[in-house]
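Structure below is final_28.pdb: PDB, C-alpha atoms.
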```
ATOM      1  CA  SER Y   1      -3.348 -13.529 -21.528
ATOM      2  CA  GLN Y   2      -6.610 -13.837 -19.694
ATOM      3  CA  GLN Y   3      -6.315 -10.346 -18.271
ATOM      4  CA  GLY Y   4      -9.409  -8.191 -18.455
ATOM      5  CA  GLU Y   5      -9.438  -4.713 -19.863
ATOM      6  CA  GLU Y   6     -11.625  -2.148 -18.180
ATOM      7  CA  ASP Y   7     -13.167   0.711 -20.025
ATOM      8  CA  PRO Y   8     -13.010   3.594 -19.357
ATOM      9  CA  GLN Y   9      -9.695   3.897 -17.527
ATOM     10  CA  ALA Y  10     -11.064   6.872 -15.594
ATOM     11  CA  LEU Y  11     -14.580   8.189 -15.061
ATOM     12  CA  SER Y  12     -15.745  11.355 -13.336
ATOM     13  CA  ILE Y  13     -19.427  11.904 -12.558
ATOM     14  CA  GLN Y  14     -21.663  13.992 -10.313
ATOM     15  CA  GLU Y  15     -23.197  12.545  -7.190
ATOM     16  CA  GLY Y  16     -26.554  10.950  -7.980
ATOM     17  CA  GLU Y  17     -25.621   9.963 -11.518
ATOM     18  CA  ASN Y  18     -25.125   6.388 -12.644
ATOM     19  CA  ALA Y  19     -21.663   5.005 -13.376
ATOM     20  CA  THR Y  20     -21.044   2.264 -15.915
ATOM     21  CA  MET Y  21     -17.777   0.403 -16.249
ATOM     22  CA  ASN Y  22     -17.009  -2.265 -18.787
ATOM     23  CA  CYS Y  23     -14.651  -5.213 -18.744
ATOM     24  CA  SER Y  24     -13.505  -7.377 -21.643
ATOM     25  CA  TYR Y  25     -11.519 -10.590 -21.358
ATOM     26  CA  LYS Y  26      -9.922 -13.045 -23.732
ATOM     27  CA  THR Y  27     -10.516 -16.647 -22.665
ATOM     28  CA  SER Y  28     -13.419 -18.777 -21.455
ATOM     29  CA  ILE Y  29     -14.075 -18.272 -17.764
ATOM     30  CA  ASN Y  30     -15.745 -19.949 -14.803
ATOM     31  CA  ASN Y  31     -16.845 -16.730 -13.206
ATOM     32  CA  LEU Y  32     -16.178 -13.023 -13.199
ATOM     33  CA  GLN Y  33     -15.882 -10.880 -10.109
ATOM     34  CA  TRP Y  34     -15.786  -7.163  -9.451
ATOM     35  CA  TYR Y  35     -13.666  -5.652  -6.693
ATOM     36  CA  ARG Y  36     -13.359  -2.133  -5.337
ATOM     37  CA  GLN Y  37     -10.202  -0.538  -4.014
ATOM     38  CA  ASN Y  38     -10.108   2.707  -2.108
ATOM     39  CA  SER Y  39      -6.892   4.634  -2.553
ATOM     40  CA  GLY Y  40      -3.892   2.687  -1.261
ATOM     41  CA  ARG Y  41      -6.027   0.110   0.520
ATOM     42  CA  GLY Y  42      -6.940  -3.533   0.032
ATOM     43  CA  LEU Y  43      -9.501  -4.760  -2.440
ATOM     44  CA  VAL Y  44     -13.064  -5.477  -1.407
ATOM     45  CA  HIS Y  45     -15.176  -8.038  -3.205
ATOM     46  CA  LEU Y  46     -18.384  -6.580  -4.619
ATOM     47  CA  ILE Y  47     -20.124  -9.220  -6.671
ATOM     48  CA  LEU Y  48     -19.538 -12.516  -8.482
ATOM     49  CA  ILE Y  49     -21.337 -13.631 -11.609
ATOM     50  CA  ARG Y  50     -21.021 -17.173 -12.909
ATOM     51  CA  SER Y  51     -20.467 -17.973 -16.552
ATOM     52  CA  ASN Y  52     -24.020 -19.337 -16.894
ATOM     53  CA  GLU Y  53     -25.587 -16.160 -15.474
ATOM     54  CA  ARG Y  54     -26.412 -13.061 -17.514
ATOM     55  CA  GLU Y  55     -27.290 -10.496 -14.872
ATOM     56  CA  LYS Y  56     -26.948 -10.062 -11.144
ATOM     57  CA  HIS Y  57     -27.967  -7.363  -8.694
ATOM     58  CA  SER Y  58     -26.672  -6.383  -5.278
ATOM     59  CA  GLY Y  59     -28.046  -3.210  -3.741
ATOM     60  CA  ARG Y  60     -27.095  -0.342  -6.083
ATOM     61  CA  LEU Y  61     -24.893  -2.630  -8.182
ATOM     62  CA  ARG Y  62     -25.940  -4.360 -11.366
ATOM     63  CA  VAL Y  63     -23.578  -6.648 -13.234
ATOM     64  CA  THR Y  64     -24.125  -8.152 -16.655
ATOM     65  CA  LEU Y  65     -22.124 -10.834 -18.402
ATOM     66  CA  ASP Y  66     -22.062 -11.603 -22.114
ATOM     67  CA  THR Y  67     -19.900 -14.669 -22.633
ATOM     68  CA  SER Y  68     -20.362 -14.554 -26.405
ATOM     69  CA  LYS Y  69     -18.705 -11.132 -26.448
ATOM     70  CA  LYS Y  70     -16.423 -11.951 -23.515
ATOM     71  CA  SER Y  71     -17.507  -8.806 -21.745
ATOM     72  CA  SER Y  72     -19.096  -7.643 -18.522
ATOM     73  CA  SER Y  73     -20.411  -4.362 -17.234
ATOM     74  CA  LEU Y  74     -20.804  -2.948 -13.742
ATOM     75  CA  LEU Y  75     -23.477  -0.323 -13.164
ATOM     76  CA  ILE Y  76     -23.543   1.703  -9.963
ATOM     77  CA  THR Y  77     -26.823   3.576  -9.636
ATOM     78  CA  ALA Y  78     -27.348   6.832  -7.732
ATOM     79  CA  SER Y  79     -23.647   7.215  -7.066
ATOM     80  CA  ARG Y  80     -22.295   8.749  -3.874
ATOM     81  CA  ALA Y  81     -19.014  10.457  -3.049
ATOM     82  CA  ALA Y  82     -18.121   7.347  -1.032
ATOM     83  CA  ASP Y  83     -18.173   5.306  -4.268
ATOM     84  CA  THR Y  84     -14.997   7.092  -5.351
ATOM     85  CA  ALA Y  85     -12.486   4.264  -5.814
ATOM     86  CA  SER Y  86     -10.836   2.034  -8.387
ATOM     87  CA  TYR Y  87     -12.917  -0.850  -9.692
ATOM     88  CA  PHE Y  88     -11.370  -4.044 -11.034
ATOM     89  CA  CYS Y  89     -12.896  -6.974 -12.813
ATOM     90  CA  ALA Y  90     -11.263 -10.330 -12.145
ATOM     91  CA  THR Y  91     -11.701 -13.536 -14.085
ATOM     92  CA  SER Y  92     -10.862 -17.112 -13.290
ATOM     93  CA  THR Y  93     -10.905 -20.430 -15.079
ATOM     94  CA  ARG Y  94     -11.076 -23.913 -13.602
ATOM     95  CA  ASN Y  95      -7.355 -24.248 -12.998
ATOM     96  CA  THR Y  96      -6.081 -20.697 -12.704
ATOM     97  CA  PRO Y  97      -6.348 -18.147  -9.940
ATOM     98  CA  LEU Y  98      -7.910 -14.735 -10.362
ATOM     99  CA  VAL Y  99      -6.500 -12.408 -12.974
ATOM    100  CA  PHE Y 100      -7.320  -8.750 -12.491
ATOM    101  CA  GLY Y 101      -8.088  -6.268 -15.203
ATOM    102  CA  LYS Y 102      -6.420  -2.891 -15.410
ATOM    103  CA  GLY Y 103      -9.182  -1.118 -13.495
ATOM    104  CA  THR Y 104     -11.392   1.942 -13.803
ATOM    105  CA  ARG Y 105     -10.780   4.918 -11.513
ATOM    106  CA  LEU Y 106     -14.132   6.399 -10.569
ATOM    107  CA  SER Y 107     -14.459   9.879  -9.108
ATOM    108  CA  VAL Y 108     -17.853  10.929  -7.783
ATOM    109  CA  ILE Y 109     -18.059  14.658  -7.226
ATOM    110  CA  ALA Y 110     -20.355  15.935  -4.502
TER     111      ALA Y 110
ATOM    112  CA  ASP H 111     -14.581 -12.480  11.325
ATOM    113  CA  THR H 112     -13.854 -11.659   7.670
ATOM    114  CA  GLU H 113     -10.647  -9.809   8.345
ATOM    115  CA  VAL H 114      -7.215 -10.320   6.902
ATOM    116  CA  THR H 115      -4.605  -8.521   8.959
ATOM    117  CA  GLN H 116      -1.313  -7.381   7.484
ATOM    118  CA  THR H 117       1.631  -5.987   9.400
ATOM    119  CA  PRO H 118       3.379  -3.661   9.219
ATOM    120  CA  LYS H 119       1.269  -1.064   7.397
ATOM    121  CA  HIS H 120       4.347   0.784   6.207
ATOM    122  CA  LEU H 121       7.950  -0.371   5.815
ATOM    123  CA  VAL H 122      11.049   1.469   4.685
ATOM    124  CA  MET H 123      14.138  -0.620   4.106
ATOM    125  CA  GLY H 124      17.564  -0.345   2.578
ATOM    126  CA  MET H 125      18.753  -2.620  -0.165
ATOM    127  CA  THR H 126      20.887  -4.647   2.235
ATOM    128  CA  ASN H 127      18.203  -5.133   4.880
ATOM    129  CA  LYS H 128      16.235  -8.263   5.684
ATOM    130  CA  LYS H 129      12.627  -7.759   6.667
ATOM    131  CA  SER H 130       9.411  -9.757   6.750
ATOM    132  CA  LEU H 131       5.783  -9.006   5.977
ATOM    133  CA  LYS H 132       3.133 -10.826   7.936
ATOM    134  CA  CYS H 133      -0.434 -11.782   7.087
ATOM    135  CA  GLU H 134      -3.010 -13.461   9.322
ATOM    136  CA  GLN H 135      -6.570 -14.680   8.836
ATOM    137  CA  HIS H 136      -8.963 -16.649  11.025
ATOM    138  CA  MET H 137     -11.680 -17.455   8.512
ATOM    139  CA  GLY H 138     -10.551 -21.056   8.076
ATOM    140  CA  HIS H 139      -9.428 -20.323   4.533
ATOM    141  CA  ARG H 140      -6.892 -22.810   3.185
ATOM    142  CA  ALA H 141      -5.663 -20.696   0.267
ATOM    143  CA  MET H 142      -3.520 -17.616   0.795
ATOM    144  CA  TYR H 143      -1.965 -15.239  -1.695
ATOM    145  CA  TRP H 144       0.661 -12.549  -2.042
ATOM    146  CA  TYR H 145       0.179  -9.792  -4.604
ATOM    147  CA  LYS H 146       2.334  -6.859  -5.602
ATOM    148  CA  GLN H 147       0.643  -3.657  -6.735
ATOM    149  CA  LYS H 148       2.283  -0.624  -8.271
ATOM    150  CA  ALA H 149       0.515   2.732  -8.380
ATOM    151  CA  LYS H 150      -2.448   2.875 -10.769
ATOM    152  CA  LYS H 151      -1.923  -0.759 -11.778
ATOM    153  CA  PRO H 152      -3.861  -3.928 -10.940
ATOM    154  CA  PRO H 153      -2.569  -6.386  -8.355
ATOM    155  CA  GLU H 154      -0.054  -8.855  -9.768
ATOM    156  CA  LEU H 155      -0.073 -12.352  -8.317
ATOM    157  CA  MET H 156       3.208 -13.435  -6.757
ATOM    158  CA  PHE H 157       2.530 -16.630  -4.790
ATOM    159  CA  VAL H 158      -0.353 -18.937  -3.926
ATOM    160  CA  TYR H 159      -0.401 -21.337  -0.984
ATOM    161  CA  SER H 160      -2.998 -24.078  -0.914
ATOM    162  CA  TYR H 161      -3.250 -26.209   2.241
ATOM    163  CA  GLU H 162       0.003 -24.641   3.442
ATOM    164  CA  LYS H 163       1.893 -25.788   0.362
ATOM    165  CA  LEU H 164       3.235 -23.458  -2.303
ATOM    166  CA  SER H 165       1.134 -24.141  -5.374
ATOM    167  CA  ILE H 166       1.950 -21.181  -7.596
ATOM    168  CA  ASN H 167       5.091 -19.080  -7.901
ATOM    169  CA  GLU H 168       4.707 -16.541 -10.667
ATOM    170  CA  SER H 169       8.419 -16.402 -11.505
ATOM    171  CA  VAL H 170       9.120 -14.103  -8.598
ATOM    172  CA  PRO H 171      12.797 -13.235  -7.922
ATOM    173  CA  SER H 172      14.411 -15.204  -5.111
ATOM    174  CA  ARG H 173      14.858 -12.047  -3.040
ATOM    175  CA  PHE H 174      11.185 -12.629  -2.151
ATOM    176  CA  SER H 175      10.736 -15.771  -0.062
ATOM    177  CA  PRO H 176       7.251 -16.812   1.063
ATOM    178  CA  GLU H 177       6.483 -18.981   4.048
ATOM    179  CA  CYS H 178       3.243 -20.460   5.352
ATOM    180  CA  PRO H 179       3.886 -21.689   8.919
ATOM    181  CA  ASN H 180       0.272 -22.745   9.489
ATOM    182  CA  SER H 181      -3.170 -22.375   7.985
ATOM    183  CA  SER H 182      -3.681 -18.901   9.490
ATOM    184  CA  LEU H 183      -0.339 -17.272   8.808
ATOM    185  CA  LEU H 184       1.521 -16.196   5.706
ATOM    186  CA  ASN H 185       4.874 -14.464   5.674
ATOM    187  CA  LEU H 186       6.893 -12.827   2.941
ATOM    188  CA  HIS H 187      10.599 -12.589   3.699
ATOM    189  CA  LEU H 188      12.465  -9.812   1.926
ATOM    190  CA  HIS H 189      16.199  -9.663   1.321
ATOM    191  CA  ALA H 190      18.399  -7.514  -0.897
ATOM    192  CA  LEU H 191      15.488  -5.748  -2.521
ATOM    193  CA  GLN H 192      15.800  -3.192  -5.279
ATOM    194  CA  PRO H 193      14.182   0.263  -5.427
ATOM    195  CA  GLU H 194      11.838  -1.031  -8.157
ATOM    196  CA  ASP H 195      10.393  -3.445  -5.590
ATOM    197  CA  SER H 196       8.760  -0.493  -3.854
ATOM    198  CA  ALA H 197       5.029  -1.135  -4.027
ATOM    199  CA  LEU H 198       1.917  -2.043  -2.060
ATOM    200  CA  TYR H 199       2.067  -5.705  -1.057
ATOM    201  CA  LEU H 200      -1.324  -7.286  -0.574
ATOM    202  CA  CYS H 201      -2.225 -10.522   1.124
ATOM    203  CA  ALA H 202      -5.486 -12.321   0.439
ATOM    204  CA  SER H 203      -7.197 -15.532   1.454
ATOM    205  CA  SER H 204     -10.004 -17.675   0.108
ATOM    206  CA  GLN H 205     -11.651 -21.031   0.342
ATOM    207  CA  VAL H 206     -10.179 -23.730  -1.869
ATOM    208  CA  GLY H 207     -12.171 -25.207  -4.707
ATOM    209  CA  GLY H 208     -10.753 -27.759  -7.109
ATOM    210  CA  MET H 209      -7.112 -27.630  -8.088
ATOM    211  CA  VAL H 210      -6.722 -23.927  -7.675
ATOM    212  CA  ALA H 211      -8.537 -21.543  -5.423
ATOM    213  CA  LYS H 212     -10.995 -19.616  -7.495
ATOM    214  CA  ASN H 213     -13.446 -18.323  -4.997
ATOM    215  CA  ILE H 214     -14.000 -14.912  -3.492
ATOM    216  CA  GLN H 215     -10.784 -13.469  -2.098
ATOM    217  CA  TYR H 216     -10.565 -11.404   1.063
ATOM    218  CA  PHE H 217      -7.789  -8.864   1.093
ATOM    219  CA  GLY H 218      -5.782  -7.238   3.811
ATOM    220  CA  ALA H 219      -5.119  -3.502   3.776
ATOM    221  CA  GLY H 220      -1.592  -4.066   2.489
ATOM    222  CA  THR H 221       1.946  -3.109   3.427
ATOM    223  CA  ARG H 222       3.324  -0.026   1.714
ATOM    224  CA  LEU H 223       6.987  -0.880   1.070
ATOM    225  CA  SER H 224       9.652   1.636   0.163
ATOM    226  CA  VAL H 225      13.124   0.417  -0.758
ATOM    227  CA  LEU H 226      15.827   3.051  -0.553
TER     228      LEU H 226
END
```
Target format structure tokens, applied to this file:
Amino acid sequence: SQQGEEDPQALSIQEGENATMNCSYKTSINNLQWYRQNSGRGLVHLILIRSNEREKHSGRLRVTLDTSKKSSSLLITASRAADTASYFCATSTRNTPLVFGKGTRLSVIA
Amino acid sequence: DTEVTQTPKHLVMGMTNKKSLKCEQHMGHRAMYWYKQKAKKPPELMFVYSYEKLSINESVPSRFSPECPNSSLLNLHLHALQPEDSALYLCASSQVGGMVAKNIQYFGAGTRLSVL
């Protein structure tokens, strides 16, 4: 299966701290995306990193991709209570749709 | 407009009922998706429509019947569901690239379905 595995499954931090979530996958990919889901709501796309990229930034988000280790990390800096959500990595290959990882539940305590 | 609209937001149905979920987008996306999501689990792909044609059916039971009447609308018809079908049903859309849509997906807020 191509499905990603996020690590940790759950993370609880204080407001202002950084949060790091990791994602591992099994097959070669075209790109890797990160999505956020607030409780019981739809997913929101955060960032996409292509297989030939190693690092990407968007505001307080930093994503890295190591294709040799088949892993990615998402760093949220200076976290806020509003960042409390589930975060999913999603991978795709040329001929398959997105496959979502199991997700990390992040709690940011004010 | 980057919105995907799903109706209804909540649905309670009996096992003998017939109901439909509706999804609408006006972003000009030609790929649309249905996902099923159980609590604390990732979304599971059910169906993919590309250019209004069903391109992927992930071995979904026939009690779920998708329909794509036009490029903006996606329906999911439900009949004779089981209690284990209770879940959050998410619709998404994206541009189409290559054989299978692989670009950024835009999700609706979902329909919370309870089957009694």
Residues in the PyMOL selection byres ((chain Y) within 10 of (chain H)), expressed as number ranges by chain: Y: 9, 30-31, 33-35, 37-48, 86-105
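Across the structure, atom CA of Y:Pro8 and atom CA of Y:Arg54 are spaced 21.5 Å apart.
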Selection result for the PyMOL selection byres ((chain H and resi 181) around 10) on this file, as a VMD selection string: chain H and resid 134 to 142 159 to 163 178 to 180 182 to 184
Once the PyMOL selection byres ((chain Y and resi 15) around 7) is applied to the coordinates I shared, what remains selected? I want it as an mmCIF file with C-alpha atoms, in the coordinates of the input.
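Contents of the output file selection.cif:
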```cif
data_model
loop_
_atom_site.group_PDB
_atom_site.id
_atom_site.type_symbol
_atom_site.label_atom_id
_atom_site.label_comp_id
_atom_site.auth_asym_id
_atom_site.auth_seq_id
_atom_site.Cartn_x
_atom_site.Cartn_y
_atom_site.Cartn_z
ATOM 1 C CA ILE Y 13 -19.427 11.904 -12.558
ATOM 2 C CA GLN Y 14 -21.663 13.992 -10.313
ATOM 3 C CA GLY Y 16 -26.554 10.950 -7.980
ATOM 4 C CA GLU Y 17 -25.621 9.963 -11.518
ATOM 5 C CA SER Y 79 -23.647 7.215 -7.066
ATOM 6 C CA ARG Y 80 -22.295 8.749 -3.874
ATOM 7 C CA ALA Y 81 -19.014 10.457 -3.049
ATOM 8 C CA VAL Y 108 -17.853 10.929 -7.783
ATOM 9 C CA ILE Y 109 -18.059 14.658 -7.226
ATOM 10 C CA ALA Y 110 -20.355 15.935 -4.502
#
```
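Atom pair atom CA of H:Leu226 / atom CA of H:Gln192 has a distance of 7.8 Å (rounded to one decimal).
Minimum distance to Y:Asp7 across Y:Thr20, Y:Thr84, Y:Thr77, Y:Ser51 (counting only C-alpha atoms) occurs at Y:Thr20.
Shortest atom-to-atom contact with H:His187 among H:Ser165, H:Gly124, H:Tyr145, H:Phe174: H:Phe174, counting all atoms listed in the file.
The gap separating atom CA of H:Glu168 from atom CA of H:Ser130 is 19.3 Å, in Å to one decimal.
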Please report, as lines of an AutoDock Vina configuration file, the centre and edge lengths in Å to one decimal of an axis-aligned box covering all listed atoms of stretch 212-226 of chain H with 4 Å per side.
```
center_x = 0.9
center_y = -8.3
center_z = -1.8
size_x = 37.8
size_y = 30.7
size_z = 19.3
```
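Using all atoms listed in the file for every distance, the candidate list H:Pro193, H:Val122, H:Ser169, H:Glu113 yields H:Val122 as the residue closest to H:Leu223.
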